[in-house]
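The structure under discussion appears below in the form of structure tokens.
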Amino acid sequence: MEKTYPDAYMESLKPPVTSIGVIGWIRFNLFNGAFNSILTIITLLLLWKTVPPVFKWAFIDSVWFADSSACRGSDGACWSIISANFRFIIFGFFPYESQWRPLLAMTLLFGLLFYSKDRNHWKKSLGYAWIIGLIAMGMFMRGGIFGLAPVESAKWGGLPLTLLLSVFGLTAAYPLGVILALGRQSKLPALKLLCVLYIELIRGVPLISLLFMSSVIFPLLLPEGVTINNILRAQTAIILFTAAYIAEVVRGGLQGMSLGQYEAAESIGLNYYLTMRLIILPQALKIVIPPTVSILISAFKDTSLVVIISLWDLLKTSKSILSNPEWMGFSRELYIFIAILYFLGCFSMSNYSRKLEKELSTEN
Amino acid sequence: MNTTVAEKIPFWLDPKKRAILFQIMVIAGIGLLAFYLVSNTLFNLKKQSIATGIGFLQKEASFEIGETLIPYSAASSYGRAIIVGTLNTLRVAFIGIIITVILGAIVGIARLSSNWLVSKSAAVYIEVMQDIPVLLQLFFWYAIFYESLPSPRQALNPFAGLFLCNRGVAFAAPASHPAHPYMLFSFFAGCVLVYLLRRWAKSRQDETGKSFPVFRVSVGILIAFPLVIWVGSGAPMEMDVPELKGFNFKGGMTLSPEFMALLLGLVLYTAAFVAEVVRAGIQSVSKGQREAAMSLGLRPPLVMNLVILPQALRVIIPPLTSQMLNLTKNSSLAVAIGYPDFVSVANTTINQTGQAIEGVALIMVVYLIFSLSTSTFMNWYNKKVALVER
């Protein structure tokens with residue numbers, strides 16, 4: 001026989017209003033327990049003390065498009081240091097009327113990066129596209145062909161130089177790093193020793209010492225009469241430095257390969273070169289894509305060090321504006337702007353790396 | 001028959017011989033390259049009449065260094081200048097590492113907090129600090145110290161004994177008193193005693209199962225020993241308070257803006273990485289471990305000390321070591337803001353003597369010693385906390 005319940009039983013009880021919705025969320029995430037409530041209140045107080053004044057400084061009292069005398073009269077941030085010097089900060093001494101060329105080169109680079117984001121586009125043709133793209137970027141920067149006025153590399157500066165040092169640095173360091181990693185894993189004792197020495201030596205010293213070396217020792221190493229320009233020297237130092245770090249990352253990937261892979265390759269008669277090229281490296285390099293992106297991020301951040309050997313990267317162009325008496329004393333605004341540029345670059349890369357890590361891990 | 005066939009294999013098809021041949025070729029190639037570069041260098045050095053060898057270390061340096069831990073003047077030798085620089089590097093690295101580990105641990109734990117606001121604040125801190133080059137951060141803090149703080153005459157005085165101005169931070173320190181060395185000595189004596197006590201407490205617990213409140217007693221010993229000496233010598237309360245004399249502060253302790261900017265930049269930057277290391281370490285201990293420990297009846301502090309921390313440390317130590325080394329290596333960026341660290345002094349030496357090769361070699365050797373000694377110590381510690389498998 002069917003039991004009948006009064007309506008009051010049929011109606012499902014709703015949770016109390018204090019444990020759902022906004023109030024519930026606040027209770028569970030901010031005020032669960034005495035300790036957390038105190039923490040929340042302290043954090044809110046700190047934020048209240050810091051955020052409104054900074055907001056007022058940056059947005060309400062700030063000066064955006066005026067000359068420096070207007071800035072000196074106001075209490076807020078002087079963002080006009082950026083709007084007034086924008087093109088010098090970004091392009092450095094590149095001839096004013098040709099600045100569309102580095103802009104085009106950067107657009108090409110960003111376009112290629114954006115296109116390469118999707119893993120469905122990772123094909124052989126993309127590799128060729130990158131090679132052609134890099135050559136085209138170099139051509140736009142250098143000029144001298146197709147009626148473009150030649151621009152000597154001493155005039156390269158700002159953001160294009162920063163991007164050039166990091167992108168070319170990583171592109172050249174990658175194969176070198178893979179060779180070093182293979183050498184470190186090799187069975188040939190002399191080769192192994194050389195690679196271990198190189199990797200540990202480079203990883204033990206700061207990049208700045210290599211940059212000093214590039215600026216004072218490289219000229220001594222070359223035969224009489226041969227000189228290479230500053231940018232190439234710094235680029236070489238960055239490549240030598242990054243390669244050691246890539247080697248360690250790739251070694252991690254190589255160690256992650258099971259012995260069975262090597263044995264299987266051997267059993268079908270592949271020699272060392274073919275084993276590596278067809279079996280081991282494609283798998284090992286795939287595992288280490290996320291840490292490689294981290295290396296790219298640090299390489300991008302580390303290019304800022306070339307300011308110490310007086311290359312005109314983003315930091316150097318900013319510092320030269322700050323040493324101009326007209327804009328002296330507004331370093332905070334300019335440094336914050338540069339920091340935002342670096343942050344955008346690094347943040348998008350690290351976000352991408354996290355996404356990639358997730359994709360790669362679900363696949364296996 | 002077989003042996004004759006084996007003998008007929010040409011040497012370039014025999015893997016063993018080929019390996020040896022290949023290595024000889026590589027070494028010969030590198031040797032030739034080295035020979036070429038060295039001969040070029042020698043020729044260039046001779047042409048520019050630059051001296052070689054490390055004899056320059058004994059010569060008079062004739063440059064001043066702003067901050068020194070040991071007596072130094074422009075008349076001292078290059079060797080002494082480099083020692084001064086090395087000590088400055090060690091000073092900033094040592095203080096920096098301690099503060100970084102503490103701050104990093106706090107932020108890392110805050111990142112895992114169940115409090116949404118705290119956790120998100122920590123996440124924003126980590127992301128922002130990691131994504132801005134450390135050199136830019138150093139410039140920023142240096143600019144804050146140099147431009148935003150007032151001159152010594154209008155120095156900020158947030159509370160008695162502390163002054164903030166564009167010449168650095170001046171704060172009151174206890175005036176020197178004969179009792180201080182004894183207090184330090186008694187503190188070290190206390191450390192030895194605590195070590196012995198811990199061993200005794202552990203062996204007693206192993207034998208009888210009785211536990212001993214080691215932590216509270218140790219803290220008591222470490223505080224009580226110096227305190228007794230301090231009170232015994234008449235409790236010297238006199239403070240050396242900085243005073244404005246002329247254009248700068250005299251007395252007390254003064255930290256230069258260069259040192260403060262370097263320390264602040266390095267600590268805030270590296271702490272973000274340490275926080276991530278700590279977070280990953282704590283998350284690596286599975287939830288079951290905590291639940292199992294709780295079900296055994298351990299109290300929360302014991303769960304943390306006996307179960308969670310020993311396992312988390314195993315994961316934390318190796319990346320923490322590399323972060324410490326990174327901080328030490330990044331301290332070389334001091335050259336950009338004018339703190340006289342080792343690299344900055346070595347760079348001045350290179351510019352003055354022209355002996356670039358010796359100078360750069362010196363930089364590399366000193367940093368290798370730093371890295372190797374840190375990693376040796378951390379490896380020893382890591383072995384102590386590592387999993388002992390049967």
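In the structure tokens, the first chain shown is A, the next is B, and so on; residue numbers restart at 1 for each chain, and ligands run from 1 in the order shown.
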Return as CSV the residues of chain A lying at most 6 Å from chain B, together with the closest atom-to-atom pair for each and the distance in Å to one decimal, counting only C-alpha atoms, with rows in chain order and ascending residue number.
residue,atom,partner,partner_atom,distance
A:Asn29,CA,B:Asn115,CA,5.2
A:Leu30,CA,B:Asn115,CA,5.1
A:Gly204,CA,B:Leu368,CA,5.3
A:Val205,CA,B:Tyr367,CA,5.5
A:Pro206,CA,B:Lys329,CA,5.0
A:Leu220,CA,B:Thr41,CA,5.0
A:Leu221,CA,B:Thr41,CA,4.9
A:Pro223,CA,B:Asn40,CA,5.3
A:Lys301,CA,B:Pro133,CA,4.9
A:Ala339,CA,B:Ile132,CA,5.8
A:Tyr342,CA,B:Ile132,CA,5.9
A:Phe343,CA,B:Asp131,CA,5.0
A:Cys346,CA,B:Asp131,CA,5.3
Compile the contact shell of Phe140 (chain A) as a PyMOL selection string: residues with an atom at most 9 Å away, counting only C-alpha atoms, same-chain residues fewer than 5 positions apart removed.
chain A and resi 101-102+104-105+135+148
Would you save the residues of that selection, restricted to C-alpha atoms, as a tab-separated table (two decimals), in the first residue's frame?
chain	number	residue	atom	x	y	z
A	101	ARG	CA	60.26	48.49	-39.71
A	102	PRO	CA	60.95	47.22	-36.17
A	104	LEU	CA	56.50	45.33	-38.52
A	105	ALA	CA	59.17	42.86	-37.38
A	135	ILE	CA	65.12	36.03	-41.61
A	148	LEU	CA	65.32	49.83	-47.30
Skipping near chain neighbours, those fewer than 2 positions away, what residues fall within 10 Å of Leu161 (chain A) using only C-alpha atoms, listed as a VMD selection string?
chain A and resid 90 to 92 102 141 153 155 to 159 163 to 167 231 303 311 to 314
Per DSSP on the backbone, filter region 168-338 of chain A down to the residues in helix (DSSP H, G or I) and report them as a PyMOL selection string.
chain A and resi 168-185+189-204+207-216+218-221+230-255+259-267+272-287+289-309+314-322+325-327+331-338
Between B:Pro178, B:Gly265, B:Gly168, B:Pro257, which is the closest to Ala235 (chain B) once you count only C-alpha atoms?
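Between B:Pro178, B:Gly265, B:Gly168, B:Pro257, the residue approaching Ala235 (chain B) most closely is B:Pro178.
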According to DSSP computed on the backbone, where in region 162-230 of chain B is there strand (DSSP E)? Give the residues as a PyMOL selection string.
chain B and resi 162-165+168-171+173-174
Give me the residues within 10 Å of Phe259 (chain B) as JSON, numbers by chain, counting only C-alpha atoms and dropping any in the same chain fewer than 6 places off.
{"B": [67, 88, 91, 92, 142, 168, 169, 265, 334, 337, 338, 339, 340, 341]}
Write out, as an mmCIF file, in the first residue's frame, the residues just selected, with C-alpha atoms.
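As written to disk, again.cif reads:
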data_model
loop_
_atom_site.group_PDB
_atom_site.id
_atom_site.type_symbol
_atom_site.label_atom_id
_atom_site.label_comp_id
_atom_site.auth_asym_id
_atom_site.auth_seq_id
_atom_site.Cartn_x
_atom_site.Cartn_y
_atom_site.Cartn_z
ATOM 1 C CA GLU B 67 80.904 49.879 2.502
ATOM 2 C CA ASN B 88 79.919 42.297 0.980
ATOM 3 C CA ARG B 91 76.712 39.676 3.788
ATOM 4 C CA VAL B 92 73.841 40.437 1.439
ATOM 5 C CA TYR B 142 66.737 52.069 -5.463
ATOM 6 C CA GLY B 168 69.783 54.952 3.928
ATOM 7 C CA VAL B 169 68.235 53.566 7.070
ATOM 8 C CA GLY B 265 64.755 43.441 -4.446
ATOM 9 C CA ALA B 334 74.569 44.931 -7.268
ATOM 10 C CA ILE B 337 73.007 50.067 -8.481
ATOM 11 C CA GLY B 338 76.457 50.705 -7.055
ATOM 12 C CA TYR B 339 76.613 48.356 -4.089
ATOM 13 C CA PRO B 340 80.284 47.315 -3.852
ATOM 14 C CA ASP B 341 79.802 43.566 -4.093
#
Nearest candidate to Met237 (chain B) (options B:Ser119, B:Ser373, B:Gln352, B:Ser176; using only C-alpha atoms):
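Nearest candidate to Met237 (chain B) out of B:Ser119, B:Ser373, B:Gln352, B:Ser176: B:Ser176.
If you measure from each of B:Leu296, B:Leu112, B:Ala175, B:Leu327 to Arg279 (chain B) using only C-alpha atoms, the closest one turns out to be B:Leu112.
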List as an MDAnalysis selection string the protein and nucleic acid residues near region 119-127 of chain A, meaning an atom at most 12 Å away when only C-alpha atoms are counted, but skip any in the same chain fewer than 5 places from it.
chainID A and resid 112:114 132:134 171 286 289 352 355:356 359:360
With only C-alpha atoms as the atoms that count, which of B:Thr348, B:Gln323, B:Gln283, B:Gln154 lies nearest to Ile97 (chain B)?
B:Gln323
For Lys187 (chain A): contacts at 12 Å, only C-alpha atoms, fewer than 3 positions along chain excluded, given as a PyMOL selection string:
(chain A and resi 182-184+190-193+195+272) or (chain B and resi 15-16+19-20+23)
Nearest to Glu326 (chain A), chosen from A:Ala84, A:Leu259, A:Ile287, A:Met139, with only C-alpha atoms counted in the distances
A:Ala84
For CA of Ala243 (chain A) and CA of Ala173 (chain A), determine how far apart the two atoms are, in Å to one decimal place.
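Spanning CA of Ala243 (chain A) to CA of Ala173 (chain A) is a straight-line distance of 4.6 Å.
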